[in-house]
file start.cif (mmCIF, N, CA and C atoms)
data_data
loop_
_atom_site.label_atom_id
_atom_site.label_comp_id
_atom_site.auth_asym_id
_atom_site.auth_seq_id
_atom_site.Cartn_x
_atom_site.Cartn_y
_atom_site.Cartn_z
N MET H 71 14.89 -15.80 21.37
CA MET H 71 14.96 -14.60 20.57
C MET H 71 15.81 -14.86 19.34
N GLU H 72 15.35 -14.34 18.23
CA GLU H 72 16.12 -14.34 16.99
C GLU H 72 16.15 -12.91 16.50
N TYR H 73 17.23 -12.53 15.83
CA TYR H 73 17.27 -11.20 15.25
C TYR H 73 18.26 -11.14 14.11
N ALA H 74 18.16 -10.06 13.35
CA ALA H 74 19.06 -9.82 12.23
C ALA H 74 19.46 -8.35 12.27
N THR H 75 20.63 -8.06 11.76
CA THR H 75 21.12 -6.69 11.70
C THR H 75 21.05 -6.22 10.25
N GLY H 76 20.60 -5.01 10.07
CA GLY H 76 20.50 -4.45 8.72
C GLY H 76 20.68 -2.96 8.75
N ARG H 77 20.11 -2.31 7.76
CA ARG H 77 20.23 -0.86 7.66
C ARG H 77 18.97 -0.32 6.97
N ILE H 78 18.78 0.99 7.08
CA ILE H 78 17.65 1.64 6.42
C ILE H 78 18.03 1.89 4.97
N GLY H 79 17.13 1.51 4.07
CA GLY H 79 17.32 1.74 2.64
C GLY H 79 16.54 2.97 2.22
N ARG H 80 15.66 2.79 1.27
CA ARG H 80 14.85 3.91 0.78
C ARG H 80 13.85 4.36 1.85
N VAL H 81 13.48 5.63 1.78
CA VAL H 81 12.49 6.19 2.69
C VAL H 81 11.37 6.78 1.82
N PHE H 82 10.14 6.42 2.15
CA PHE H 82 8.98 6.88 1.39
C PHE H 82 8.10 7.76 2.28
N THR H 83 7.70 8.90 1.76
CA THR H 83 6.69 9.74 2.40
C THR H 83 5.43 9.58 1.57
N VAL H 84 4.35 9.13 2.20
CA VAL H 84 3.16 8.70 1.47
C VAL H 84 1.93 9.44 1.98
N ARG H 85 1.11 9.93 1.07
CA ARG H 85 -0.19 10.51 1.41
C ARG H 85 -1.26 9.54 0.92
N ILE H 86 -2.12 9.12 1.83
CA ILE H 86 -3.23 8.23 1.49
C ILE H 86 -4.51 9.04 1.69
N ASP H 87 -5.32 9.12 0.66
CA ASP H 87 -6.43 10.07 0.62
C ASP H 87 -7.75 9.51 1.12
N SER H 88 -8.66 10.43 1.42
CA SER H 88 -9.99 10.12 1.92
C SER H 88 -10.68 9.10 1.01
N GLY H 89 -11.26 8.08 1.63
CA GLY H 89 -11.96 7.04 0.89
C GLY H 89 -11.10 5.85 0.55
N ASP H 90 -9.77 6.01 0.56
CA ASP H 90 -8.88 4.89 0.29
C ASP H 90 -8.86 3.92 1.45
N ASP H 91 -8.54 2.68 1.18
CA ASP H 91 -8.36 1.67 2.23
C ASP H 91 -6.89 1.72 2.65
N LEU H 92 -6.63 2.07 3.90
CA LEU H 92 -5.27 2.27 4.40
C LEU H 92 -4.38 1.06 4.17
N ILE H 93 -4.82 -0.10 4.58
CA ILE H 93 -3.98 -1.30 4.48
C ILE H 93 -3.75 -1.67 3.02
N LEU H 94 -4.79 -1.60 2.20
CA LEU H 94 -4.62 -1.93 0.77
C LEU H 94 -3.65 -0.97 0.08
N GLU H 95 -3.68 0.30 0.44
CA GLU H 95 -2.76 1.27 -0.16
C GLU H 95 -1.31 0.98 0.24
N LEU H 96 -1.09 0.57 1.49
CA LEU H 96 0.26 0.20 1.93
C LEU H 96 0.75 -1.05 1.18
N ILE H 97 -0.15 -1.99 0.96
CA ILE H 97 0.20 -3.19 0.17
C ILE H 97 0.55 -2.78 -1.26
N LYS H 98 -0.26 -1.90 -1.86
CA LYS H 98 0.01 -1.43 -3.23
C LYS H 98 1.39 -0.79 -3.32
N LEU H 99 1.73 0.06 -2.34
CA LEU H 99 3.04 0.70 -2.33
C LEU H 99 4.14 -0.35 -2.29
N ALA H 100 4.00 -1.33 -1.39
CA ALA H 100 5.01 -2.38 -1.26
C ALA H 100 5.16 -3.17 -2.55
N GLU H 101 4.05 -3.47 -3.21
CA GLU H 101 4.11 -4.20 -4.48
C GLU H 101 4.75 -3.35 -5.57
N LEU H 102 4.31 -2.10 -5.69
CA LEU H 102 4.82 -1.20 -6.73
C LEU H 102 6.32 -0.95 -6.58
N GLU H 103 6.77 -0.77 -5.35
CA GLU H 103 8.17 -0.44 -5.10
C GLU H 103 9.03 -1.66 -4.72
N ARG H 104 8.40 -2.84 -4.75
CA ARG H 104 9.08 -4.09 -4.42
C ARG H 104 9.76 -4.03 -3.03
N ILE H 105 8.98 -3.56 -2.05
CA ILE H 105 9.44 -3.50 -0.67
C ILE H 105 9.21 -4.86 -0.03
N GLU H 106 10.28 -5.48 0.44
CA GLU H 106 10.16 -6.80 1.08
C GLU H 106 10.20 -6.72 2.60
N SER H 107 10.87 -5.69 3.14
CA SER H 107 10.98 -5.51 4.59
C SER H 107 10.97 -4.02 4.88
N ALA H 108 10.12 -3.60 5.80
CA ALA H 108 10.05 -2.17 6.14
C ALA H 108 9.38 -2.00 7.50
N VAL H 109 9.60 -0.84 8.07
CA VAL H 109 8.87 -0.39 9.25
C VAL H 109 8.26 0.95 8.87
N PHE H 110 7.10 1.28 9.44
CA PHE H 110 6.47 2.55 9.11
C PHE H 110 5.76 3.14 10.31
N VAL H 111 5.59 4.46 10.26
CA VAL H 111 4.77 5.19 11.23
C VAL H 111 3.75 5.97 10.43
N LEU H 112 2.61 6.25 11.05
CA LEU H 112 1.59 7.01 10.34
C LEU H 112 0.77 7.84 11.30
N ILE H 113 0.19 8.92 10.73
CA ILE H 113 -0.72 9.79 11.45
C ILE H 113 -1.85 10.17 10.50
N GLY H 114 -3.00 10.49 11.05
CA GLY H 114 -4.12 10.90 10.20
C GLY H 114 -5.44 10.56 10.83
N ALA H 115 -6.39 10.19 9.98
CA ALA H 115 -7.74 9.87 10.46
C ALA H 115 -8.35 8.76 9.62
N LEU H 116 -9.16 7.94 10.27
CA LEU H 116 -9.91 6.88 9.59
C LEU H 116 -11.40 7.11 9.81
N LYS H 117 -12.18 6.83 8.77
CA LYS H 117 -13.63 6.92 8.85
C LYS H 117 -14.20 5.68 9.55
N GLU H 118 -13.59 4.53 9.23
CA GLU H 118 -14.02 3.27 9.85
C GLU H 118 -12.86 2.30 9.85
N ALA H 119 -12.88 1.39 10.82
CA ALA H 119 -11.83 0.38 10.91
C ALA H 119 -12.26 -0.73 11.85
N LYS H 120 -11.58 -1.86 11.70
CA LYS H 120 -11.74 -3.00 12.61
C LYS H 120 -10.38 -3.27 13.24
N LEU H 121 -10.40 -3.53 14.55
CA LEU H 121 -9.17 -3.78 15.29
C LEU H 121 -9.32 -5.02 16.16
N VAL H 122 -8.22 -5.71 16.35
CA VAL H 122 -8.14 -6.75 17.37
C VAL H 122 -7.56 -6.06 18.60
N THR H 123 -8.32 -6.11 19.70
CA THR H 123 -7.92 -5.39 20.91
C THR H 123 -7.48 -6.33 22.02
N GLY H 124 -7.09 -7.52 21.65
CA GLY H 124 -6.55 -8.47 22.62
C GLY H 124 -7.14 -9.85 22.45
N PRO H 125 -6.58 -10.81 23.17
CA PRO H 125 -7.17 -12.16 23.16
C PRO H 125 -8.30 -12.25 24.19
N LYS H 126 -9.28 -13.11 23.91
CA LYS H 126 -10.36 -13.33 24.89
C LYS H 126 -9.81 -13.91 26.18
N GLU H 127 -8.83 -14.81 26.02
CA GLU H 127 -8.15 -15.41 27.18
C GLU H 127 -6.67 -15.47 26.87
N SER H 128 -5.86 -15.57 27.90
CA SER H 128 -4.40 -15.64 27.72
C SER H 128 -3.97 -17.06 27.41
N ILE H 129 -4.42 -17.56 26.24
CA ILE H 129 -4.04 -18.90 25.80
C ILE H 129 -3.56 -18.83 24.35
N ILE H 130 -2.76 -19.80 23.98
CA ILE H 130 -2.23 -19.88 22.61
C ILE H 130 -2.76 -21.16 21.98
N PRO H 131 -3.35 -21.11 20.77
CA PRO H 131 -3.54 -19.91 19.96
C PRO H 131 -4.65 -19.03 20.54
N PRO H 132 -4.52 -17.71 20.36
CA PRO H 132 -5.51 -16.80 20.94
C PRO H 132 -6.78 -16.72 20.10
N GLU H 133 -7.88 -16.44 20.79
CA GLU H 133 -9.12 -16.10 20.10
C GLU H 133 -9.26 -14.58 20.20
N PRO H 134 -9.29 -13.88 19.06
CA PRO H 134 -9.26 -12.41 19.11
C PRO H 134 -10.54 -11.77 19.65
N VAL H 135 -10.34 -10.63 20.30
CA VAL H 135 -11.44 -9.75 20.68
C VAL H 135 -11.48 -8.66 19.62
N TRP H 136 -12.62 -8.51 18.95
CA TRP H 136 -12.78 -7.53 17.88
C TRP H 136 -13.43 -6.27 18.41
N SER H 137 -12.96 -5.14 17.90
CA SER H 137 -13.55 -3.85 18.20
C SER H 137 -13.53 -3.07 16.89
N GLY H 138 -14.15 -1.93 16.88
CA GLY H 138 -14.12 -1.14 15.67
C GLY H 138 -14.88 0.15 15.84
N PHE H 139 -14.94 0.90 14.76
CA PHE H 139 -15.69 2.14 14.76
C PHE H 139 -16.13 2.44 13.33
N ASP H 140 -17.20 3.24 13.22
CA ASP H 140 -17.70 3.63 11.90
C ASP H 140 -17.99 5.13 11.85
N ASP H 141 -17.27 5.89 12.69
CA ASP H 141 -17.30 7.34 12.65
C ASP H 141 -15.86 7.82 12.75
N ALA H 142 -15.55 8.95 12.17
CA ALA H 142 -14.16 9.39 12.03
C ALA H 142 -13.42 9.43 13.37
N HIS H 143 -12.21 8.85 13.37
CA HIS H 143 -11.31 8.84 14.52
C HIS H 143 -9.93 9.30 14.07
N GLU H 144 -9.26 10.08 14.91
CA GLU H 144 -7.85 10.41 14.69
C GLU H 144 -7.04 9.15 14.99
N ILE H 145 -5.96 8.93 14.22
CA ILE H 145 -5.14 7.74 14.48
C ILE H 145 -3.66 8.08 14.43
N MET H 146 -2.90 7.28 15.13
CA MET H 146 -1.46 7.24 14.97
C MET H 146 -1.06 5.79 15.14
N GLY H 147 -0.08 5.35 14.34
CA GLY H 147 0.25 3.94 14.38
C GLY H 147 1.68 3.66 13.97
N ILE H 148 2.05 2.42 14.22
CA ILE H 148 3.36 1.91 13.82
C ILE H 148 3.16 0.49 13.32
N GLY H 149 3.91 0.13 12.30
CA GLY H 149 3.74 -1.21 11.75
C GLY H 149 4.96 -1.65 10.97
N ASP H 150 4.81 -2.83 10.39
CA ASP H 150 5.89 -3.34 9.55
C ASP H 150 5.31 -4.03 8.33
N ILE H 151 6.21 -4.25 7.38
CA ILE H 151 5.88 -4.96 6.14
C ILE H 151 6.92 -6.05 5.96
N PHE H 152 6.47 -7.29 5.84
CA PHE H 152 7.32 -8.41 5.48
C PHE H 152 6.53 -9.28 4.50
N LEU H 153 7.22 -10.00 3.66
CA LEU H 153 6.53 -10.88 2.72
C LEU H 153 6.00 -12.10 3.45
N MET H 154 4.83 -12.55 2.99
CA MET H 154 4.22 -13.78 3.48
C MET H 154 3.69 -14.49 2.24
N GLU H 155 4.21 -15.67 1.98
CA GLU H 155 3.85 -16.43 0.77
C GLU H 155 4.07 -15.59 -0.48
N GLY H 156 5.14 -14.80 -0.49
CA GLY H 156 5.53 -14.01 -1.64
C GLY H 156 4.81 -12.68 -1.82
N LYS H 157 3.90 -12.34 -0.89
CA LYS H 157 3.14 -11.09 -0.99
C LYS H 157 3.35 -10.24 0.26
N PRO H 158 3.30 -8.91 0.13
CA PRO H 158 3.47 -8.05 1.30
C PRO H 158 2.36 -8.25 2.32
N LYS H 159 2.76 -8.40 3.57
CA LYS H 159 1.82 -8.55 4.69
C LYS H 159 2.04 -7.36 5.63
N ILE H 160 0.97 -6.63 5.90
CA ILE H 160 1.02 -5.46 6.77
C ILE H 160 0.64 -5.88 8.19
N HIS H 161 1.47 -5.49 9.16
CA HIS H 161 1.15 -5.67 10.57
C HIS H 161 1.16 -4.27 11.18
N LEU H 162 -0.02 -3.78 11.55
CA LEU H 162 -0.18 -2.39 11.98
C LEU H 162 -0.92 -2.31 13.30
N HIS H 163 -0.26 -1.71 14.29
CA HIS H 163 -0.91 -1.41 15.56
C HIS H 163 -1.13 0.09 15.62
N ALA H 164 -2.33 0.49 16.05
CA ALA H 164 -2.66 1.91 16.06
C ALA H 164 -3.57 2.24 17.22
N GLY H 165 -3.46 3.49 17.63
CA GLY H 165 -4.40 4.06 18.56
C GLY H 165 -5.35 4.94 17.77
N ALA H 166 -6.65 4.86 18.08
CA ALA H 166 -7.66 5.65 17.39
C ALA H 166 -8.54 6.32 18.43
N GLY H 167 -8.76 7.60 18.26
CA GLY H 167 -9.56 8.31 19.26
C GLY H 167 -10.53 9.29 18.66
N ARG H 168 -11.65 9.45 19.37
CA ARG H 168 -12.65 10.46 19.04
C ARG H 168 -13.25 10.89 20.37
N GLY H 169 -13.06 12.16 20.71
CA GLY H 169 -13.53 12.62 22.02
C GLY H 169 -12.80 11.85 23.12
N ASP H 170 -13.56 11.36 24.08
CA ASP H 170 -12.97 10.58 25.17
C ASP H 170 -12.87 9.09 24.85
N ASN H 171 -13.32 8.69 23.65
CA ASN H 171 -13.31 7.28 23.27
C ASN H 171 -11.98 6.96 22.57
N VAL H 172 -11.19 6.10 23.17
CA VAL H 172 -9.89 5.72 22.60
C VAL H 172 -9.81 4.21 22.51
N LYS H 173 -9.32 3.73 21.37
CA LYS H 173 -9.11 2.30 21.15
C LYS H 173 -7.67 2.09 20.73
N LEU H 174 -7.11 0.96 21.10
CA LEU H 174 -5.75 0.61 20.70
C LEU H 174 -5.76 -0.85 20.30
N GLY H 175 -5.20 -1.14 19.13
CA GLY H 175 -5.19 -2.53 18.71
C GLY H 175 -4.50 -2.72 17.38
N CYS H 176 -4.66 -3.93 16.86
CA CYS H 176 -4.06 -4.33 15.59
C CYS H 176 -5.13 -4.17 14.50
N LEU H 177 -4.90 -3.23 13.55
CA LEU H 177 -5.86 -3.01 12.47
C LEU H 177 -5.85 -4.21 11.54
N ARG H 178 -7.03 -4.72 11.24
CA ARG H 178 -7.19 -5.83 10.31
C ARG H 178 -8.45 -5.61 9.49
N GLY H 179 -8.40 -6.05 8.26
CA GLY H 179 -9.57 -5.89 7.40
C GLY H 179 -9.62 -4.49 6.83
N GLU H 180 -10.83 -4.04 6.52
CA GLU H 180 -11.02 -2.74 5.90
C GLU H 180 -10.71 -1.61 6.88
N SER H 181 -10.13 -0.54 6.35
CA SER H 181 -9.80 0.63 7.16
C SER H 181 -9.87 1.85 6.25
N GLU H 182 -11.03 2.49 6.18
CA GLU H 182 -11.25 3.60 5.24
C GLU H 182 -10.69 4.91 5.80
N VAL H 183 -9.87 5.57 5.00
CA VAL H 183 -9.26 6.84 5.39
C VAL H 183 -10.31 7.94 5.40
N PHE H 184 -10.24 8.81 6.41
CA PHE H 184 -11.03 10.04 6.49
C PHE H 184 -10.06 11.20 6.34
N MET H 185 -10.30 12.06 5.41
CA MET H 185 -9.44 13.20 5.07
C MET H 185 -8.09 12.73 4.53
N VAL H 186 -7.15 12.35 5.41
CA VAL H 186 -5.83 11.94 4.93
C VAL H 186 -5.11 11.13 6.01
N VAL H 187 -4.25 10.23 5.56
CA VAL H 187 -3.27 9.57 6.43
C VAL H 187 -1.91 9.80 5.78
N GLU H 188 -0.96 10.21 6.59
CA GLU H 188 0.41 10.38 6.12
C GLU H 188 1.25 9.27 6.73
N ALA H 189 1.97 8.56 5.88
CA ALA H 189 2.79 7.44 6.33
C ALA H 189 4.24 7.69 5.93
N PHE H 190 5.14 7.27 6.79
CA PHE H 190 6.57 7.39 6.56
C PHE H 190 7.15 5.98 6.65
N VAL H 191 7.56 5.46 5.48
CA VAL H 191 7.95 4.06 5.35
C VAL H 191 9.47 3.99 5.20
N PHE H 192 10.11 3.20 6.08
CA PHE H 192 11.56 3.03 6.08
C PHE H 192 11.88 1.60 5.66
N GLU H 193 12.40 1.46 4.46
CA GLU H 193 12.76 0.14 3.95
C GLU H 193 13.96 -0.40 4.74
N LEU H 194 13.92 -1.69 5.04
CA LEU H 194 15.02 -2.34 5.77
C LEU H 194 15.80 -3.21 4.81
N GLU H 195 17.13 -3.12 4.85
CA GLU H 195 18.00 -3.87 3.95
C GLU H 195 19.07 -4.61 4.73
N GLY H 196 19.71 -5.56 4.06
CA GLY H 196 20.87 -6.24 4.63
C GLY H 196 20.56 -7.55 5.32
N PHE H 197 19.30 -7.94 5.33
CA PHE H 197 18.91 -9.24 5.88
C PHE H 197 17.65 -9.68 5.15
N SER H 198 17.29 -10.92 5.34
CA SER H 198 16.09 -11.46 4.72
C SER H 198 15.17 -12.01 5.80
N ALA H 199 13.94 -11.57 5.78
CA ALA H 199 12.95 -12.03 6.76
C ALA H 199 11.61 -12.21 6.06
N ARG H 200 10.85 -13.17 6.54
CA ARG H 200 9.53 -13.46 5.99
C ARG H 200 8.59 -13.82 7.13
N ARG H 201 7.29 -13.66 6.90
CA ARG H 201 6.29 -14.15 7.84
C ARG H 201 5.92 -15.57 7.43
N ILE H 202 5.97 -16.47 8.39
CA ILE H 202 5.64 -17.88 8.13
C ILE H 202 4.58 -18.30 9.15
N THR H 203 3.46 -18.81 8.63
CA THR H 203 2.35 -19.19 9.51
C THR H 203 2.77 -20.30 10.46
N ASP H 204 2.47 -20.10 11.73
CA ASP H 204 2.71 -21.09 12.79
C ASP H 204 1.33 -21.53 13.30
N GLN H 205 0.87 -22.68 12.86
CA GLN H 205 -0.48 -23.16 13.21
C GLN H 205 -0.66 -23.32 14.72
N GLU H 206 0.38 -23.77 15.43
CA GLU H 206 0.27 -23.97 16.88
C GLU H 206 0.06 -22.66 17.62
N GLN H 207 0.76 -21.60 17.18
CA GLN H 207 0.62 -20.31 17.85
C GLN H 207 -0.57 -19.51 17.34
N GLY H 208 -1.02 -19.81 16.12
CA GLY H 208 -2.18 -19.13 15.57
C GLY H 208 -1.87 -17.79 14.91
N PHE H 209 -0.62 -17.58 14.53
CA PHE H 209 -0.28 -16.36 13.80
C PHE H 209 0.98 -16.60 12.98
N ALA H 210 1.47 -15.56 12.30
CA ALA H 210 2.62 -15.70 11.41
C ALA H 210 3.76 -14.78 11.87
N PRO H 211 4.62 -15.28 12.76
CA PRO H 211 5.73 -14.45 13.24
C PRO H 211 6.79 -14.26 12.16
N VAL H 212 7.63 -13.25 12.36
CA VAL H 212 8.74 -13.00 11.44
C VAL H 212 9.79 -14.09 11.64
N ALA H 213 10.26 -14.67 10.54
CA ALA H 213 11.33 -15.67 10.56
C ALA H 213 12.47 -15.13 9.72
N PHE H 214 13.67 -15.25 10.24
CA PHE H 214 14.85 -14.73 9.54
C PHE H 214 15.49 -15.83 8.72
N GLU H 215 15.94 -15.43 7.53
CA GLU H 215 16.61 -16.35 6.63
C GLU H 215 18.09 -16.00 6.60
N GLN H 216 18.81 -16.58 5.68
CA GLN H 216 20.24 -16.35 5.57
C GLN H 216 20.55 -14.85 5.52
N VAL H 217 21.51 -14.43 6.35
CA VAL H 217 21.91 -13.02 6.39
C VAL H 217 22.68 -12.69 5.13
N LEU H 218 22.36 -11.53 4.54
CA LEU H 218 22.98 -11.08 3.31
C LEU H 218 24.23 -10.27 3.60
N ASP H 219 25.01 -9.96 2.59
CA ASP H 219 26.21 -9.14 2.70
C ASP H 219 25.84 -7.78 3.30
N MET H 220 26.57 -7.34 4.31
CA MET H 220 26.27 -6.10 5.03
C MET H 220 27.16 -4.92 4.63
N LYS H 221 27.59 -4.81 3.40
CA LYS H 221 28.47 -3.71 2.98
C LYS H 221 27.89 -2.37 3.29
#
call {"tool": "encode", "arguments": {"input": "start.cif", "output": "structure tokens"}}
result
Amino acid sequence: MEYATGRIGRVFTVRIDSGDDLILELIKLAELERIESAVFVLIGALKEAKLVTGPKESIIPPEPVWSGFDDAHEIMGIGDIFLMEGKPKIHLHAGAGRGDNVKLGCLRGESEVFMVVEAFVFELEGFSARRITDQEQGFAPVAFEQVLDMK
């Protein structure tokens, strides 16, 4: 285990509108506001999305199981933002439901908003962390760099 201690910086309340791509809008916010580290929660609805709902087998590196939907689903999710190769990388896990059909997974690729998604983004300060690709594991875990002044 590795960890860093920090504090909450700026807090953003964000409305993402119907037809927008959820992940792209979160990236735009991070770029516009120069957010390097954050955690966020969101609620709303998506018209369509693709999710990874687990590995095909319990081996590393994993081969993803893909799922998705192309009809409106209510969603709630939690995720983070860290830089990867100098650009914001969104890691978002969400539950999506319509009627009795519920999916839970990691949203990847296109994710079109239906009606609205409201996101609450909490910037993290006081430490430096980045996503660095690990070829052996098959993903990019968070890696901590030199700890900054914690005033």
call {"tool": "resolve_selection", "arguments": {"input": "start.cif", "expression": "the PyMOL selection byres ((chain H and resi 199) around 6.5)", "output": "VMD selection string"}}
result
chain H and resid 152 to 153 197 to 198 200 to 201 212 to 215
call {"tool": "closest_residue", "arguments": {"input": "start.cif", "among": "H:Met154, H:Arg80, H:Glu144, H:Val186", "to": "Gly169 in chain H", "atoms": "only C-alpha atoms"}}
result
H:Glu144
call {"tool": "atom_distance", "arguments": {"input": "start.cif", "atom1": "CA of Phe190 in chain H", "atom2": "atom C of Asp170 in chain H"}}
result
26.7 Å
call {"tool": "atom_distance", "arguments": {"input": "start.cif", "atom1": "atom N of Ala74 in chain H", "atom2": "atom N of Ile202 in chain H"}}
result
14.6 Å
call {"tool": "residues_around", "arguments": {"input": "start.cif", "residues": "Gln207 in chain H", "least_positions_apart": "3", "cutoff": "6.5 Å", "atoms": "only N, CA and C atoms", "output": "ChimeraX atom specification"}}
result
/H:130-132,204
call {"tool": "select_by_dssp", "arguments": {"input": "start.cif", "residues": "range 87-127 of chain H", "states": "alpha helix (DSSP H)", "output": "ChimeraX atom specification"}}
result
/H:92-103
call {"tool": "resolve_selection", "arguments": {"input": "start.cif", "expression": "the PyMOL selection byres ((chain H and resi 166) around 7)", "output": "PyMOL selection string"}}
result
chain H and resi 143-146+164-165+167-168+171-175
call {"tool": "write_last_selection", "arguments": {"input": "start.cif", "atoms": "N, CA and C atoms", "output": "PDB file, keeping the file's coordinate frame"}}
result
ATOM      1  N   HIS H 143     -12.210   8.850  13.370  1.00  0.00           N
ATOM      2  CA  HIS H 143     -11.310   8.840  14.520  1.00  0.00           C
ATOM      3  C   HIS H 143      -9.930   9.300  14.070  1.00  0.00           C
ATOM      4  N   GLU H 144      -9.260  10.080  14.910  1.00  0.00           N
ATOM      5  CA  GLU H 144      -7.850  10.410  14.690  1.00  0.00           C
ATOM      6  C   GLU H 144      -7.040   9.150  14.990  1.00  0.00           C
ATOM      7  N   ILE H 145      -5.960   8.930  14.220  1.00  0.00           N
ATOM      8  CA  ILE H 145      -5.140   7.740  14.480  1.00  0.00           C
ATOM      9  C   ILE H 145      -3.660   8.080  14.430  1.00  0.00           C
ATOM     10  N   MET H 146      -2.900   7.280  15.130  1.00  0.00           N
ATOM     11  CA  MET H 146      -1.460   7.240  14.970  1.00  0.00           C
ATOM     12  C   MET H 146      -1.060   5.790  15.140  1.00  0.00           C
ATOM     13  N   ALA H 164      -2.330   0.490  16.050  1.00  0.00           N
ATOM     14  CA  ALA H 164      -2.660   1.910  16.060  1.00  0.00           C
ATOM     15  C   ALA H 164      -3.570   2.240  17.220  1.00  0.00           C
ATOM     16  N   GLY H 165      -3.460   3.490  17.630  1.00  0.00           N
ATOM     17  CA  GLY H 165      -4.400   4.060  18.560  1.00  0.00           C
ATOM     18  C   GLY H 165      -5.350   4.940  17.770  1.00  0.00           C
ATOM     19  N   GLY H 167      -8.760   7.600  18.260  1.00  0.00           N
ATOM     20  CA  GLY H 167      -9.560   8.310  19.260  1.00  0.00           C
ATOM     21  C   GLY H 167     -10.530   9.290  18.660  1.00  0.00           C
ATOM     22  N   ARG H 168     -11.650   9.450  19.370  1.00  0.00           N
ATOM     23  CA  ARG H 168     -12.650  10.460  19.040  1.00  0.00           C
ATOM     24  C   ARG H 168     -13.250  10.890  20.370  1.00  0.00           C
ATOM     25  N   ASN H 171     -13.320   8.690  23.650  1.00  0.00           N
ATOM     26  CA  ASN H 171     -13.310   7.280  23.270  1.00  0.00           C
ATOM     27  C   ASN H 171     -11.980   6.960  22.570  1.00  0.00           C
ATOM     28  N   VAL H 172     -11.190   6.100  23.170  1.00  0.00           N
ATOM     29  CA  VAL H 172      -9.890   5.720  22.600  1.00  0.00           C
ATOM     30  C   VAL H 172      -9.810   4.210  22.510  1.00  0.00           C
ATOM     31  N   LYS H 173      -9.320   3.730  21.370  1.00  0.00           N
ATOM     32  CA  LYS H 173      -9.110   2.300  21.150  1.00  0.00           C
ATOM     33  C   LYS H 173      -7.670   2.090  20.730  1.00  0.00           C
ATOM     34  N   LEU H 174      -7.110   0.960  21.100  1.00  0.00           N
ATOM     35  CA  LEU H 174      -5.750   0.610  20.700  1.00  0.00           C
ATOM     36  C   LEU H 174      -5.760  -0.850  20.300  1.00  0.00           C
ATOM     37  N   GLY H 175      -5.200  -1.140  19.130  1.00  0.00           N
ATOM     38  CA  GLY H 175      -5.190  -2.530  18.710  1.00  0.00           C
ATOM     39  C   GLY H 175      -4.500  -2.720  17.380  1.00  0.00           C
TER      40      GLY H 175
END
call {"tool": "residues_around", "arguments": {"input": "start.cif", "residues": "Ile105 in chain H", "least_positions_apart": "5", "cutoff": "8 Å", "atoms": "all atoms listed in the file", "output": "number ranges by chain"}}
result
H: 99-100, 151-153, 157-158, 193-194
call {"tool": "closest_residue", "arguments": {"input": "start.cif", "among": "H:Glu182, H:Glu118, H:Asp87, H:Glu95", "to": "Ser137 in chain H", "atoms": "only C-alpha atoms"}}
result
H:Glu118
call {"tool": "resolve_selection", "arguments": {"input": "start.cif", "expression": "the PyMOL selection byres ((chain H and resi 162) around 8)", "output": "PyMOL selection string"}}
result
chain H and resi 147-151+159-161+163-165+175-178
call {"tool": "select_by_dssp", "arguments": {"input": "start.cif", "residues": "chain H", "states": "strand (DSSP E)", "output": "ChimeraX atom specification"}}
result
/H:77-87,107-125,134-139,143-154,157-168,171-195,199-201,212-214
call {"tool": "atom_distance", "arguments": {"input": "start.cif", "atom1": "atom N of Gly89 in chain H", "atom2": "atom C of Glu180 in chain H"}}
result
11.0 Å
call {"tool": "closest_residue", "arguments": {"input": "start.cif", "among": "H:Glu101, H:Glu106, H:Glu72, H:Asp91", "to": "Gly179 in chain H", "atoms": "all atoms listed in the file"}}
result
H:Asp91
call {"tool": "closest_residue", "arguments": {"input": "start.cif", "among": "H:Glu188, H:Phe82, H:Leu92, H:Trp136", "to": "Val111 in chain H", "atoms": "all atoms listed in the file"}}
result
H:Glu188
call {"tool": "decode", "arguments": {"input": "start.cif", "residues": "range 190-199 of chain H", "atoms": "N, CA and C atoms", "output": "PDB file, in the first residue's frame"}}
result
ATOM      1  N   PHE H 190     -20.301  16.662  -8.628  1.00  0.00           N
ATOM      2  CA  PHE H 190     -19.721  17.440  -7.546  1.00  0.00           C
ATOM      3  C   PHE H 190     -18.261  17.014  -7.439  1.00  0.00           C
ATOM      4  N   VAL H 191     -17.371  17.928  -7.841  1.00  0.00           N
ATOM      5  CA  VAL H 191     -15.949  17.622  -7.992  1.00  0.00           C
ATOM      6  C   VAL H 191     -15.180  18.283  -6.852  1.00  0.00           C
ATOM      7  N   PHE H 192     -14.407  17.471  -6.111  1.00  0.00           N
ATOM      8  CA  PHE H 192     -13.617  17.942  -4.975  1.00  0.00           C
ATOM      9  C   PHE H 192     -12.139  17.837  -5.337  1.00  0.00           C
ATOM     10  N   GLU H 193     -11.519  18.979  -5.566  1.00  0.00           N
ATOM     11  CA  GLU H 193     -10.098  19.006  -5.913  1.00  0.00           C
ATOM     12  C   GLU H 193      -9.277  18.580  -4.691  1.00  0.00           C
ATOM     13  N   LEU H 194      -8.237  17.793  -4.935  1.00  0.00           N
ATOM     14  CA  LEU H 194      -7.349  17.331  -3.861  1.00  0.00           C
ATOM     15  C   LEU H 194      -6.030  18.074  -3.960  1.00  0.00           C
ATOM     16  N   GLU H 195      -5.531  18.570  -2.833  1.00  0.00           N
ATOM     17  CA  GLU H 195      -4.292  19.346  -2.795  1.00  0.00           C
ATOM     18  C   GLU H 195      -3.345  18.790  -1.739  1.00  0.00           C
ATOM     19  N   GLY H 196      -2.092  19.211  -1.825  1.00  0.00           N
ATOM     20  CA  GLY H 196      -1.116  18.895  -0.794  1.00  0.00           C
ATOM     21  C   GLY H 196      -0.268  17.675  -1.080  1.00  0.00           C
ATOM     22  N   PHE H 197      -0.480  17.039  -2.211  1.00  0.00           N
ATOM     23  CA  PHE H 197       0.343  15.908  -2.623  1.00  0.00           C
ATOM     24  C   PHE H 197       0.334  15.867  -4.145  1.00  0.00           C
ATOM     25  N   SER H 198       1.210  15.070  -4.702  1.00  0.00           N
ATOM     26  CA  SER H 198       1.280  14.933  -6.145  1.00  0.00           C
ATOM     27  C   SER H 198       1.110  13.464  -6.510  1.00  0.00           C
ATOM     28  N   ALA H 199       0.187  13.192  -7.400  1.00  0.00           N
ATOM     29  CA  ALA H 199      -0.070  11.820  -7.839  1.00  0.00           C
ATOM     30  C   ALA H 199      -0.348  11.834  -9.336  1.00  0.00           C
TER      31      ALA H 199
END
